[in-house]
Structure formats: structure tokens, C-alpha cells
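Shown below: coords-v9.pdb, with PDB, C-alpha atoms.
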```pdb
ATOM      1  CA  MET A 216      19.985 197.329 198.317
ATOM      2  CA  LYS A 217      18.447 197.471 201.783
ATOM      3  CA  LEU A 218      20.586 195.614 204.319
ATOM      4  CA  VAL A 219      19.216 194.330 207.613
ATOM      5  CA  ALA A 220      20.431 192.492 210.676
ATOM      6  CA  TYR A 221      17.829 189.838 211.442
ATOM      7  CA  LYS A 222      17.230 186.703 213.453
ATOM      8  CA  VAL A 223      14.670 183.922 213.221
ATOM      9  CA  GLY A 224      13.074 182.198 216.171
ATOM     10  CA  ARG A 225      14.372 182.580 219.698
ATOM     11  CA  ASP A 226      15.717 185.922 220.806
ATOM     12  CA  LEU A 227      18.998 184.245 221.820
ATOM     13  CA  ASN A 228      19.779 183.362 218.216
ATOM     14  CA  PRO A 229      22.521 185.515 216.648
ATOM     15  CA  TYR A 230      21.742 188.255 214.154
ATOM     16  CA  ARG A 231      22.529 187.502 210.511
ATOM     17  CA  ILE A 232      23.085 189.821 207.574
ATOM     18  CA  GLY A 233      20.218 189.943 205.105
ATOM     19  CA  SER A 234      18.573 192.157 202.531
ATOM     20  CA  ARG A 235      14.973 193.358 202.364
ATOM     21  CA  VAL A 236      13.126 193.015 199.071
ATOM     22  CA  GLU A 237       9.391 193.740 198.870
ATOM     23  CA  GLY A 238       8.587 192.645 202.395
ATOM     24  CA  ARG A 239      10.811 189.566 202.376
ATOM     25  CA  ILE A 240      14.235 189.017 203.914
ATOM     26  CA  ILE A 241      16.963 187.225 201.938
ATOM     27  CA  ASP A 242      19.704 185.503 203.933
ATOM     28  CA  LEU A 243      22.722 186.767 202.023
ATOM     29  CA  GLN A 244      25.247 184.177 203.179
ATOM     30  CA  GLU A 245      22.992 181.267 202.227
ATOM     31  CA  ALA A 246      22.125 182.917 198.921
ATOM     32  CA  TYR A 247      25.830 183.352 198.168
ATOM     33  CA  ARG A 248      26.464 179.700 199.080
ATOM     34  CA  HIS A 249      23.852 178.655 196.522
ATOM     35  CA  TYR A 250      25.453 180.969 193.957
ATOM     36  CA  LEU A 251      28.868 179.339 194.468
ATOM     37  CA  LEU A 252      27.380 175.861 194.174
ATOM     38  CA  SER A 253      25.708 176.882 190.910
ATOM     39  CA  GLU A 254      29.152 177.873 189.636
ATOM     40  CA  SER A 255      30.598 174.488 190.769
ATOM     41  CA  GLU A 256      32.747 176.290 193.336
ATOM     42  CA  ILE A 257      32.310 173.513 195.891
ATOM     43  CA  ASP A 258      35.379 174.367 197.982
ATOM     44  CA  LEU A 259      34.435 178.047 198.177
ATOM     45  CA  ALA A 260      30.880 177.148 199.121
ATOM     46  CA  MET A 261      32.241 175.137 202.048
ATOM     47  CA  THR A 262      34.172 178.209 203.264
ATOM     48  CA  VAL A 263      31.519 180.818 202.501
ATOM     49  CA  GLU A 264      31.837 182.333 206.005
ATOM     50  CA  SER A 265      35.255 183.704 205.047
ATOM     51  CA  LEU A 266      33.813 185.321 201.926
ATOM     52  CA  LEU A 267      30.478 186.651 203.182
ATOM     53  CA  PRO A 268      30.164 186.438 206.979
ATOM     54  CA  ALA A 269      26.717 185.885 208.459
ATOM     55  CA  ASP A 270      27.435 188.176 211.427
ATOM     56  CA  PRO A 271      26.518 191.767 210.428
ATOM     57  CA  ASN A 272      29.487 193.336 212.212
ATOM     58  CA  ALA A 273      31.910 190.907 210.576
ATOM     59  CA  PHE A 274      30.205 191.541 207.231
ATOM     60  CA  TYR A 275      30.743 195.302 207.402
ATOM     61  CA  SER A 276      34.313 194.860 208.662
ATOM     62  CA  MET A 277      35.195 193.123 205.376
ATOM     63  CA  GLY A 278      34.375 196.276 203.446
ATOM     64  CA  PRO A 279      33.746 196.483 199.682
ATOM     65  CA  GLN A 280      34.447 192.832 198.851
ATOM     66  CA  ALA A 281      31.694 191.561 201.146
ATOM     67  CA  MET A 282      29.350 194.233 199.794
ATOM     68  CA  LYS A 283      29.974 193.152 196.187
ATOM     69  CA  ARG A 284      29.212 189.543 197.118
ATOM     70  CA  ALA A 285      26.030 190.660 198.869
ATOM     71  CA  PHE A 286      24.780 192.319 195.688
ATOM     72  CA  ARG A 287      25.576 189.163 193.738
ATOM     73  CA  ALA A 288      23.858 186.979 196.329
ATOM     74  CA  GLU A 289      20.662 189.065 196.313
ATOM     75  CA  ALA A 290      20.503 189.135 192.514
ATOM     76  CA  PHE A 291      21.021 185.368 192.327
ATOM     77  CA  ALA A 292      18.360 184.605 194.945
ATOM     78  CA  LEU A 293      15.821 186.759 193.104
ATOM     79  CA  ALA A 294      16.701 185.458 189.630
ATOM     80  CA  GLU A 295      16.520 181.826 190.738
ATOM     81  CA  GLY A 296      13.538 182.271 193.045
ATOM     82  CA  LEU A 297      15.342 180.667 195.982
ATOM     83  CA  GLU A 298      12.507 180.391 198.496
ATOM     84  CA  GLU A 299      14.685 178.400 200.919
ATOM     85  CA  VAL A 300      16.858 181.458 201.650
ATOM     86  CA  GLN A 301      13.965 183.886 202.108
ATOM     87  CA  PHE A 302      11.756 184.758 205.075
ATOM     88  CA  ARG A 303       8.565 186.754 205.449
ATOM     89  CA  ALA A 304       8.895 189.931 207.491
ATOM     90  CA  GLU A 305       6.616 188.539 210.199
ATOM     91  CA  GLU A 306       8.942 185.559 210.690
ATOM     92  CA  ILE A 307      11.983 187.569 211.713
ATOM     93  CA  ILE A 308      13.216 189.929 214.425
ATOM     94  CA  LEU A 309      15.096 193.002 213.232
ATOM     95  CA  GLY A 310      18.230 194.311 214.897
ATOM     96  CA  ALA A 311      19.937 197.621 214.310
ATOM     97  CA  PRO A 312      21.582 197.500 210.851
ATOM     98  CA  VAL A 313      24.998 197.532 212.572
ATOM     99  CA  PRO A 314      24.279 195.867 215.935
ATOM    100  CA  LYS A 315      27.615 196.735 217.596
ATOM    101  CA  PRO A 316      29.414 199.541 215.754
ATOM    102  CA  GLY A 317      33.008 200.126 216.737
ATOM    103  CA  LYS A 318      32.429 203.876 216.900
ATOM    104  CA  ILE A 319      29.332 206.058 216.965
ATOM    105  CA  ILE A 320      30.413 209.622 216.251
ATOM    106  CA  CYS A 321      27.693 212.209 216.752
ATOM    107  CA  VAL A 322      27.625 215.704 215.304
ATOM    108  CA  GLY A 323      25.979 218.393 217.395
ATOM    109  CA  LEU A 324      24.648 221.744 216.261
ATOM    110  CA  ASN A 325      24.660 220.950 212.555
ATOM    111  CA  TYR A 326      21.399 222.656 211.497
ATOM    112  CA  LYS A 327      21.200 226.454 211.766
ATOM    113  CA  ASP A 328      17.592 226.428 212.972
ATOM    114  CA  HIS A 329      18.443 223.930 215.726
ATOM    115  CA  ILE A 330      21.409 226.051 216.821
ATOM    116  CA  GLU A 331      19.094 229.042 217.129
ATOM    117  CA  GLU A 332      16.475 227.174 219.156
ATOM    118  CA  MET A 333      19.184 225.882 221.515
ATOM    119  CA  GLY A 334      20.638 229.374 221.981
ATOM    120  CA  ARG A 335      24.103 228.496 220.673
ATOM    121  CA  ASP A 336      26.555 230.162 218.297
ATOM    122  CA  LEU A 337      27.293 228.836 214.825
ATOM    123  CA  PRO A 338      30.304 226.492 215.092
ATOM    124  CA  ASP A 339      33.465 227.030 213.075
ATOM    125  CA  TYR A 340      34.136 223.280 213.112
ATOM    126  CA  PRO A 341      31.866 220.254 213.531
ATOM    127  CA  VAL A 342      30.909 219.673 217.159
ATOM    128  CA  LEU A 343      31.693 216.014 217.873
ATOM    129  CA  PHE A 344      30.786 213.715 220.732
ATOM    130  CA  GLY A 345      30.265 209.975 221.093
ATOM    131  CA  LYS A 346      27.793 207.302 221.871
ATOM    132  CA  PHE A 347      28.732 203.688 222.545
ATOM    133  CA  ALA A 348      27.427 200.272 221.538
ATOM    134  CA  ASN A 349      25.391 199.976 224.760
ATOM    135  CA  ALA A 350      23.137 202.736 223.382
ATOM    136  CA  VAL A 351      22.216 200.891 220.181
ATOM    137  CA  CYS A 352      18.751 199.425 219.746
ATOM    138  CA  ALA A 353      16.581 198.530 216.777
ATOM    139  CA  HIS A 354      13.432 199.600 214.972
ATOM    140  CA  ASP A 355      10.358 198.731 217.049
ATOM    141  CA  GLN A 356      12.513 198.011 220.106
ATOM    142  CA  GLY A 357      11.798 199.886 223.320
ATOM    143  CA  VAL A 358      13.934 202.928 224.164
ATOM    144  CA  TYR A 359      14.706 202.955 227.873
ATOM    145  CA  HIS A 360      13.594 205.845 230.044
ATOM    146  CA  SER A 361      16.230 205.866 232.776
ATOM    147  CA  LYS A 362      15.244 206.923 236.276
ATOM    148  CA  LEU A 363      18.267 209.237 236.179
ATOM    149  CA  THR A 364      16.547 211.708 233.864
ATOM    150  CA  GLU A 365      13.368 213.762 233.918
ATOM    151  CA  LYS A 366      14.134 215.443 230.586
ATOM    152  CA  LEU A 367      14.380 212.745 227.920
ATOM    153  CA  ASP A 368      14.315 214.162 224.394
ATOM    154  CA  TYR A 369      14.346 212.997 220.754
ATOM    155  CA  GLU A 370      16.626 214.030 217.880
ATOM    156  CA  GLY A 371      15.807 212.633 214.432
ATOM    157  CA  GLU A 372      18.984 212.216 212.384
ATOM    158  CA  LEU A 373      20.459 210.858 209.180
ATOM    159  CA  ALA A 374      23.138 208.289 210.032
ATOM    160  CA  VAL A 375      26.057 207.433 207.751
ATOM    161  CA  VAL A 376      27.668 203.969 207.896
ATOM    162  CA  ILE A 377      31.297 203.725 206.804
ATOM    163  CA  GLY A 378      32.058 201.084 204.169
ATOM    164  CA  ARG A 379      35.838 200.949 204.120
ATOM    165  CA  ARG A 380      38.766 202.225 206.163
ATOM    166  CA  ALA A 381      39.038 205.988 205.857
ATOM    167  CA  GLN A 382      42.156 207.920 206.814
ATOM    168  CA  GLU A 383      42.491 211.599 205.914
ATOM    169  CA  VAL A 384      40.196 211.348 202.897
ATOM    170  CA  THR A 385      39.295 214.441 200.923
ATOM    171  CA  GLU A 386      35.732 215.676 200.479
ATOM    172  CA  SER A 387      35.848 214.633 196.830
ATOM    173  CA  GLU A 388      36.794 211.083 197.895
ATOM    174  CA  ALA A 389      34.477 210.830 200.880
ATOM    175  CA  MET A 390      31.415 209.313 199.189
ATOM    176  CA  ASP A 391      33.500 206.308 198.079
ATOM    177  CA  TYR A 392      34.011 205.399 201.743
ATOM    178  CA  ILE A 393      30.321 205.188 202.649
ATOM    179  CA  ALA A 394      28.451 201.855 202.755
ATOM    180  CA  GLY A 395      25.043 203.473 203.106
ATOM    181  CA  TYR A 396      22.569 205.366 205.249
ATOM    182  CA  THR A 397      20.086 204.624 207.988
ATOM    183  CA  ILE A 398      17.852 206.571 210.395
ATOM    184  CA  ALA A 399      18.897 207.295 213.963
ATOM    185  CA  ASN A 400      17.422 208.931 217.030
ATOM    186  CA  ASP A 401      19.984 210.657 219.234
ATOM    187  CA  VAL A 402      17.889 210.220 222.376
ATOM    188  CA  SER A 403      19.202 212.772 224.869
ATOM    189  CA  ALA A 404      18.811 213.274 228.603
ATOM    190  CA  ARG A 405      18.899 217.086 228.633
ATOM    191  CA  ASP A 406      19.342 217.396 232.406
ATOM    192  CA  LEU A 407      22.323 215.028 232.391
ATOM    193  CA  GLN A 408      23.693 216.574 229.191
ATOM    194  CA  ARG A 409      23.798 220.064 230.667
ATOM    195  CA  ARG A 410      25.069 219.393 234.182
ATOM    196  CA  THR A 411      28.703 219.392 232.982
ATOM    197  CA  PRO A 412      30.465 221.079 230.033
ATOM    198  CA  GLN A 413      30.676 217.669 228.308
ATOM    199  CA  PHE A 414      27.589 216.133 226.631
ATOM    200  CA  LEU A 415      28.555 212.488 227.134
ATOM    201  CA  GLN A 416      26.579 211.416 230.201
ATOM    202  CA  GLY A 417      23.354 212.717 228.698
ATOM    203  CA  LYS A 418      23.962 211.050 225.360
ATOM    204  CA  THR A 419      24.908 207.425 225.890
ATOM    205  CA  LEU A 420      22.362 205.930 228.267
ATOM    206  CA  ASP A 421      21.403 202.327 227.525
ATOM    207  CA  ARG A 422      19.180 202.080 224.426
ATOM    208  CA  SER A 423      19.498 205.761 223.611
ATOM    209  CA  ALA A 424      20.579 205.292 219.974
ATOM    210  CA  PRO A 425      17.853 203.459 218.053
ATOM    211  CA  MET A 426      18.790 202.900 214.402
ATOM    212  CA  GLY A 427      17.058 201.294 211.460
ATOM    213  CA  PRO A 428      14.991 199.805 210.118
ATOM    214  CA  HIS A 429      17.616 198.959 207.488
ATOM    215  CA  LEU A 430      20.700 200.381 205.794
ATOM    216  CA  VAL A 431      20.106 201.757 202.307
ATOM    217  CA  THR A 432      23.219 201.438 200.151
ATOM    218  CA  THR A 433      24.539 204.530 198.440
ATOM    219  CA  GLU A 434      23.399 203.763 194.894
ATOM    220  CA  GLU A 435      19.752 204.058 196.024
ATOM    221  CA  ILE A 436      20.163 207.639 197.275
ATOM    222  CA  GLU A 437      20.561 210.120 194.431
ATOM    223  CA  ASP A 438      21.419 213.152 196.577
ATOM    224  CA  VAL A 439      22.073 212.686 200.280
ATOM    225  CA  SER A 440      22.216 216.470 200.637
ATOM    226  CA  ASN A 441      18.538 216.896 199.757
ATOM    227  CA  LEU A 442      16.467 214.424 201.781
ATOM    228  CA  SER A 443      13.400 215.387 203.796
ATOM    229  CA  ILE A 444      13.543 214.444 207.491
ATOM    230  CA  ARG A 445      10.547 214.480 209.837
ATOM    231  CA  THR A 446       9.936 213.395 213.429
ATOM    232  CA  PHE A 447       6.581 212.587 215.026
ATOM    233  CA  VAL A 448       5.740 211.996 218.693
ATOM    234  CA  ASN A 449       2.470 210.147 219.206
ATOM    235  CA  GLY A 450       1.503 211.177 215.685
ATOM    236  CA  GLU A 451       2.228 214.890 216.226
ATOM    237  CA  LYS A 452       4.796 216.330 213.820
ATOM    238  CA  ARG A 453       7.660 217.885 215.763
ATOM    239  CA  GLN A 454      10.513 218.137 213.228
ATOM    240  CA  ASP A 455      10.223 218.878 209.504
ATOM    241  CA  SER A 456      13.372 219.769 207.602
ATOM    242  CA  SER A 457      15.826 218.631 204.940
ATOM    243  CA  THR A 458      19.453 217.534 204.874
ATOM    244  CA  LYS A 459      20.062 220.463 202.514
ATOM    245  CA  HIS A 460      20.130 222.575 205.678
ATOM    246  CA  LEU A 461      23.119 220.733 207.154
ATOM    247  CA  ILE A 462      25.878 223.212 207.991
ATOM    248  CA  PHE A 463      28.564 220.556 207.506
ATOM    249  CA  SER A 464      27.670 218.197 204.643
ATOM    250  CA  VAL A 465      28.085 214.426 204.688
ATOM    251  CA  PRO A 466      31.279 214.515 202.556
ATOM    252  CA  HIS A 467      32.704 217.263 204.767
ATOM    253  CA  LEU A 468      31.975 215.263 207.927
ATOM    254  CA  VAL A 469      33.582 212.072 206.583
ATOM    255  CA  SER A 470      36.640 214.034 205.492
ATOM    256  CA  PHE A 471      36.898 216.053 208.707
ATOM    257  CA  ILE A 472      36.438 213.111 211.070
ATOM    258  CA  SER A 473      38.770 210.830 209.104
ATOM    259  CA  GLY A 474      41.460 213.475 209.557
ATOM    260  CA  ILE A 475      41.082 213.178 213.327
ATOM    261  CA  MET A 476      40.665 209.402 213.634
ATOM    262  CA  THR A 477      40.715 206.392 211.360
ATOM    263  CA  LEU A 478      37.186 205.394 210.427
ATOM    264  CA  GLU A 479      36.602 201.654 210.125
ATOM    265  CA  PRO A 480      33.906 199.780 208.177
ATOM    266  CA  GLY A 481      30.741 199.675 210.266
ATOM    267  CA  ASP A 482      31.470 202.914 212.137
ATOM    268  CA  VAL A 483      28.450 205.219 212.321
ATOM    269  CA  ILE A 484      28.298 209.007 211.963
ATOM    270  CA  MET A 485      25.091 210.618 213.237
ATOM    271  CA  THR A 486      24.902 213.889 211.323
ATOM    272  CA  GLY A 487      22.860 216.119 213.640
ATOM    273  CA  THR A 488      19.229 217.084 214.138
ATOM    274  CA  PRO A 489      17.073 219.957 212.846
ATOM    275  CA  ASN A 490      14.894 222.222 214.963
ATOM    276  CA  GLY A 491      11.791 221.037 216.769
ATOM    277  CA  VAL A 492      13.266 219.137 219.708
ATOM    278  CA  GLY A 493      11.144 218.894 222.846
ATOM    279  CA  PHE A 494      13.610 220.852 224.958
ATOM    280  CA  ALA A 495      13.069 223.986 222.840
ATOM    281  CA  MET A 496       9.251 223.921 222.870
ATOM    282  CA  ASP A 497       7.296 226.399 225.006
ATOM    283  CA  PRO A 498       6.713 224.829 227.405
ATOM    284  CA  PRO A 499       9.285 222.026 226.922
ATOM    285  CA  GLN A 500       7.797 218.656 225.973
ATOM    286  CA  PHE A 501       9.893 215.725 227.181
ATOM    287  CA  LEU A 502       9.348 212.066 226.412
ATOM    288  CA  LYS A 503       7.456 209.897 228.868
ATOM    289  CA  ASN A 504       6.830 206.192 229.128
ATOM    290  CA  GLY A 505       4.422 205.010 226.456
ATOM    291  CA  ASP A 506       5.308 207.745 223.936
ATOM    292  CA  VAL A 507       5.990 206.572 220.371
ATOM    293  CA  VAL A 508       8.640 208.379 218.325
ATOM    294  CA  GLU A 509       8.638 207.969 214.540
ATOM    295  CA  ILE A 510      11.367 209.401 212.309
ATOM    296  CA  GLU A 511      11.034 209.438 208.530
ATOM    297  CA  ILE A 512      13.810 210.174 206.055
ATOM    298  CA  GLU A 513      13.103 210.345 202.342
ATOM    299  CA  GLY A 514      14.458 207.357 200.435
ATOM    300  CA  ILE A 515      15.281 205.410 203.591
ATOM    301  CA  GLY A 516      12.042 204.725 205.450
ATOM    302  CA  GLN A 517      10.709 205.055 208.969
ATOM    303  CA  LEU A 518      12.261 204.320 212.374
ATOM    304  CA  ARG A 519       9.715 203.744 215.144
ATOM    305  CA  ASN A 520      10.333 203.254 218.884
ATOM    306  CA  LYS A 521       8.278 203.266 222.049
ATOM    307  CA  ILE A 522       9.589 204.759 225.288
ATOM    308  CA  ILE A 523       9.546 202.163 228.072
ATOM    309  CA  PRO A 524      10.777 202.098 231.693
ATOM    310  CA  LYS A 525      14.332 200.864 232.030
ATOM    311  CA  PRO A 526      14.407 197.557 233.912
ATOM    312  CA  SER A 527      16.230 197.609 237.243
ATOM    313  CA  ARG A 528      18.585 194.942 235.891
ATOM    314  CA  ILE A 529      19.216 194.382 232.186
ATOM    315  CA  GLN A 530      19.469 190.697 231.332
TER
END
```
Produce C-alpha cells that represent the structure in this file.
Amino acid sequence: MKLVAYKVGRDLNPYRIGSRVEGRIIDLQEAYRHYLLSESEIDLAMTVESLLPADPNAFYSMGPQAMKRAFRAEAFALAEGLEEVQFRAEEIILGAPVPKPGKIICVGLNYKDHIEEMGRDLPDYPVLFGKFANAVCAHDQGVYHSKLTEKLDYEGELAVVIGRRAQEVTESEAMDYIAGYTIANDVSARDLQRRTPQFLQGKTLDRSAPMGPHLVTTEEIEDVSNLSIRTFVNGEKRQDSSTKHLIFSVPHLVSFISGIMTLEPGDVIMTGTPNGVGFAMDPPQFLKNGDVVEIEIEGIGQLRNKIIPKPSRIQ
């Protein structure tokens, strides 16, 4: 299943959880309401919000039970041909799959070739830092170019979304705690990143973590450790690698991080970027206003964003 956060009509409308099927968006809460009515579960249909929340963040926070109902809702809508709960792609506005994650945990220096191009040593443990919800934006939404930086860079990454609370899980258990995968761009202000020993100020500028276009649930990805990942800037290929080159695998990262902090449903782990970033080119090639960055990951899709000037005041 491909999960989306979407809205219809005015931009002020709230995002709702949906699924994407062949260019159409199914409203999962409304589809589940119809399913309950078909089963003569009138009382449950009246309280469907408590079973399958419309808000994407609330949906993920419910964990596996909400996910099971989402699968049932999608299957019912397709089997019954429920046109009233479906929208064409051109009718909707996409948000990031998880619009306001509780935690965004980023992994630095997780591809050997990227470590070499950045002039760093191989880490003994995953290098972790954070982004915050202010950084999140969606597929086809503008990424802000802050006036604070002259060295804005891209980092195409596989992102893992947690599906249920994880505390000190083992590597063998880790995959059971994942809701699915999406594409992320760890947009980085290299000058801000490197002016102190800590990465943070260069990593969490407003709209510096585009994600999308959807979340692909785990059953659709046969082997997350062998997915091609490519990044293009204005059509020019800059990154071309595979998740098989991750130093710390997805199960290892979930296990390692859950030993440090409790991971909650909807938390996002950005797993690191391969070589080919603009900072390491000769001469360096940084992003400028008007540039279009496209990131493709096998089995997931394409994330596309344009670099735009940051407004003086964000409404």
C-alpha cells in the first residue's frame, strides 16, 4: 500500500490519510466507514475517528491496528468501486507522508564512498543528529533557500517510518517495527553545518527536509538493503548508488536507536546519503534558487522539489 497525506480544496483544509492506487487517492477513513456500514456496524461507523483517524499523525500514532484497518478500507473501496471516497490526483494537494513527525533522526556518514568524499573516518557507531518538524515539506513543495547560507546542498536518502513503539529491539525484531519507507532530502547548509562541531544549525532550517511523495508499506519492498538510489539536479545525475552500500543497515539502525531512545509510531529515521553531494564536487556545486532536485529510490518513486527564496515572514 502507498499511504499519502492529502487535502482537497483550500490550502487551509487539514491533511487526511489516504492511499494511492493507479493515480487515484482513496480516503481511508471514509472507505472504512463504508466498510463498517456494509457489516451493519452502525455504532462503530459513527465513531470511526477512534478506529481510523483522518489526521495522518494520529493515524500513525495508533500503530498496527490503524494500519490493518487501512488495508481493509482500501481493499473494500476497490472491490466495491466506491467512487465517492476517491479523488483524482489533480484534485488533491499532497503533504509529506508524516506531516509532523515527533522525531526526525538523521544518520550521517553511512555510505563509505560519501565518507571518503567528505574526508572523514569510518565511524564505529552510527553518527546521529536531528531535524525537527519545521523542516518538513512535501513532494513538489518549494524548499527554502535561507539568506543565512551560501552553501545549500542536497542529500538523497531512504527514510524509514516507525510503525509501533520500539524500545531496545533486536536487529532480528527490527523490521516488525517499521510502517514503511519514503524518500527524503537532507537539505544541508554546509557553511552553517561546519561553523561549530555540531551539525544541527546547518541541518534544520525551515523546509530543509522534503519527504514523499508517499509512504510505501513494508510488504511492497522485498529487500530494503538492495534498492537503487539516484539524485538529479536540473536533470543532471549527481548521485547513483544502492542501499546495499549502507554501513549500518536499516535493522541495525532501528535496533541501535531504539536502545538510546524510545521510538514512537510516525518517527522518521533518515538513513544517510551516498557520494555525489555538491559540496564534494570540484569545484563545489551548491543549490541556487530555481534549481530542481529529483531523488529516485527503487520501489518507492520520485521526490521532486524546487529551490525557492525563503519569504521574509512565513505565514
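Checking A:Thr488, A:Gln382, A:Gln244, A:Ser473 one by one against Ala281 of chain A, counting all atoms listed in the file, you find the shortest gap at A:Gln244.
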Selection result of the PyMOL selection byres ((chain A and resi 278) around 12) on this file, as a PyMOL selection string: chain A and resi 266-268+271-277+279-285+376-381+391-395+478-482
Could you write out as JSON the box around segment 489-499 of chain A (axis-aligned, all atoms listed in the file, 3 Å on each side), with centre and edge lengths in Å to one decimal?
```
{"center_x": 11.9, "center_y": 222.6, "center_z": 220.1, "size_x": 16.4, "size_y": 13.5, "size_z": 20.6}
```
Please enumerate the residues selected by the PyMOL selection byres ((chain A and resi 239-241) around 12) when evaluated against the supplied file, formatted as a ChimeraX atom specification. /A:216-223,231-238,242-247,269,285-286,288-293,296-309,429
Report the residues retrieved by the PyMOL selection byres ((chain A and resi 347-353) around 7) from the displayed file, expressed as a PyMOL selection string. chain A and resi 309-311+314-316+318-319+345-346+354-356+419-428
Since fewer atoms than expected are present, regenerate N, CA, C and O atoms for segment 486-503 of chain A and write them as a PDB file, in the frame of the given file.
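Below you can see selection.pdb, which holds the result:
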```pdb
ATOM      1  N   THR A 486      24.537 212.613 211.938  1.00  0.00           N
ATOM      2  CA  THR A 486      24.902 213.889 211.323  1.00  0.00           C
ATOM      3  C   THR A 486      24.261 215.127 211.947  1.00  0.00           C
ATOM      4  O   THR A 486      24.494 216.237 211.480  1.00  0.00           O
ATOM      5  N   GLY A 487      23.469 214.959 213.001  1.00  0.00           N
ATOM      6  CA  GLY A 487      22.860 216.119 213.640  1.00  0.00           C
ATOM      7  C   GLY A 487      21.360 216.173 213.406  1.00  0.00           C
ATOM      8  O   GLY A 487      20.818 215.500 212.529  1.00  0.00           O
ATOM      9  N   THR A 488      20.690 217.002 214.189  1.00  0.00           N
ATOM     10  CA  THR A 488      19.229 217.084 214.138  1.00  0.00           C
ATOM     11  C   THR A 488      18.762 218.490 213.807  1.00  0.00           C
ATOM     12  O   THR A 488      19.418 219.475 214.168  1.00  0.00           O
ATOM     13  N   PRO A 489      17.639 218.624 213.106  1.00  0.00           N
ATOM     14  CA  PRO A 489      17.073 219.957 212.846  1.00  0.00           C
ATOM     15  C   PRO A 489      16.283 220.479 214.040  1.00  0.00           C
ATOM     16  O   PRO A 489      16.235 219.839 215.100  1.00  0.00           O
ATOM     17  N   ASN A 490      15.665 221.634 213.871  1.00  0.00           N
ATOM     18  CA  ASN A 490      14.894 222.222 214.963  1.00  0.00           C
ATOM     19  C   ASN A 490      13.626 221.419 215.236  1.00  0.00           C
ATOM     20  O   ASN A 490      13.210 220.585 214.439  1.00  0.00           O
ATOM     21  N   GLY A 491      13.020 221.713 216.400  1.00  0.00           N
ATOM     22  CA  GLY A 491      11.791 221.037 216.769  1.00  0.00           C
ATOM     23  C   GLY A 491      11.939 220.046 217.894  1.00  0.00           C
ATOM     24  O   GLY A 491      11.019 219.273 218.162  1.00  0.00           O
ATOM     25  N   VAL A 492      13.089 220.061 218.584  1.00  0.00           N
ATOM     26  CA  VAL A 492      13.266 219.137 219.708  1.00  0.00           C
ATOM     27  C   VAL A 492      12.370 219.563 220.866  1.00  0.00           C
ATOM     28  O   VAL A 492      11.969 220.725 220.991  1.00  0.00           O
ATOM     29  N   GLY A 493      12.053 218.618 221.732  1.00  0.00           N
ATOM     30  CA  GLY A 493      11.144 218.894 222.846  1.00  0.00           C
ATOM     31  C   GLY A 493      11.674 219.913 223.821  1.00  0.00           C
ATOM     32  O   GLY A 493      10.906 220.703 224.399  1.00  0.00           O
ATOM     33  N   PHE A 494      12.985 219.932 224.014  1.00  0.00           N
ATOM     34  CA  PHE A 494      13.610 220.852 224.958  1.00  0.00           C
ATOM     35  C   PHE A 494      13.320 222.308 224.610  1.00  0.00           C
ATOM     36  O   PHE A 494      13.182 223.169 225.493  1.00  0.00           O
ATOM     37  N   ALA A 495      13.210 222.603 223.291  1.00  0.00           N
ATOM     38  CA  ALA A 495      13.069 223.986 222.840  1.00  0.00           C
ATOM     39  C   ALA A 495      11.608 224.429 222.710  1.00  0.00           C
ATOM     40  O   ALA A 495      11.349 225.594 222.390  1.00  0.00           O
ATOM     41  N   MET A 496      10.657 223.541 222.973  1.00  0.00           N
ATOM     42  CA  MET A 496       9.251 223.921 222.870  1.00  0.00           C
ATOM     43  C   MET A 496       8.849 224.790 224.070  1.00  0.00           C
ATOM     44  O   MET A 496       9.543 224.829 225.094  1.00  0.00           O
ATOM     45  N   ASP A 497       7.775 225.514 223.937  1.00  0.00           N
ATOM     46  CA  ASP A 497       7.296 226.399 225.006  1.00  0.00           C
ATOM     47  C   ASP A 497       5.859 226.012 225.363  1.00  0.00           C
ATOM     48  O   ASP A 497       4.919 226.338 224.645  1.00  0.00           O
ATOM     49  N   PRO A 498       5.679 225.298 226.490  1.00  0.00           N
ATOM     50  CA  PRO A 498       6.713 224.829 227.405  1.00  0.00           C
ATOM     51  C   PRO A 498       7.421 223.593 226.837  1.00  0.00           C
ATOM     52  O   PRO A 498       6.909 222.970 225.898  1.00  0.00           O
ATOM     53  N   PRO A 499       8.579 223.218 227.397  1.00  0.00           N
ATOM     54  CA  PRO A 499       9.285 222.026 226.922  1.00  0.00           C
ATOM     55  C   PRO A 499       8.408 220.779 227.009  1.00  0.00           C
ATOM     56  O   PRO A 499       7.593 220.639 227.925  1.00  0.00           O
ATOM     57  N   GLN A 500       8.572 219.896 226.028  1.00  0.00           N
ATOM     58  CA  GLN A 500       7.797 218.656 225.973  1.00  0.00           C
ATOM     59  C   GLN A 500       8.780 217.482 225.953  1.00  0.00           C
ATOM     60  O   GLN A 500       9.373 217.177 224.913  1.00  0.00           O
ATOM     61  N   PHE A 501       8.955 216.837 227.097  1.00  0.00           N
ATOM     62  CA  PHE A 501       9.893 215.725 227.181  1.00  0.00           C
ATOM     63  C   PHE A 501       9.165 214.396 227.027  1.00  0.00           C
ATOM     64  O   PHE A 501       7.946 214.299 227.239  1.00  0.00           O
ATOM     65  N   LEU A 502       9.924 213.380 226.644  1.00  0.00           N
ATOM     66  CA  LEU A 502       9.348 212.066 226.412  1.00  0.00           C
ATOM     67  C   LEU A 502       8.995 211.386 227.733  1.00  0.00           C
ATOM     68  O   LEU A 502       9.708 211.518 228.724  1.00  0.00           O
ATOM     69  N   LYS A 503       7.889 210.655 227.692  1.00  0.00           N
ATOM     70  CA  LYS A 503       7.456 209.897 228.868  1.00  0.00           C
ATOM     71  C   LYS A 503       7.175 208.457 228.449  1.00  0.00           C
ATOM     72  O   LYS A 503       7.026 208.154 227.246  1.00  0.00           O
TER      73      LYS A 503
END
```
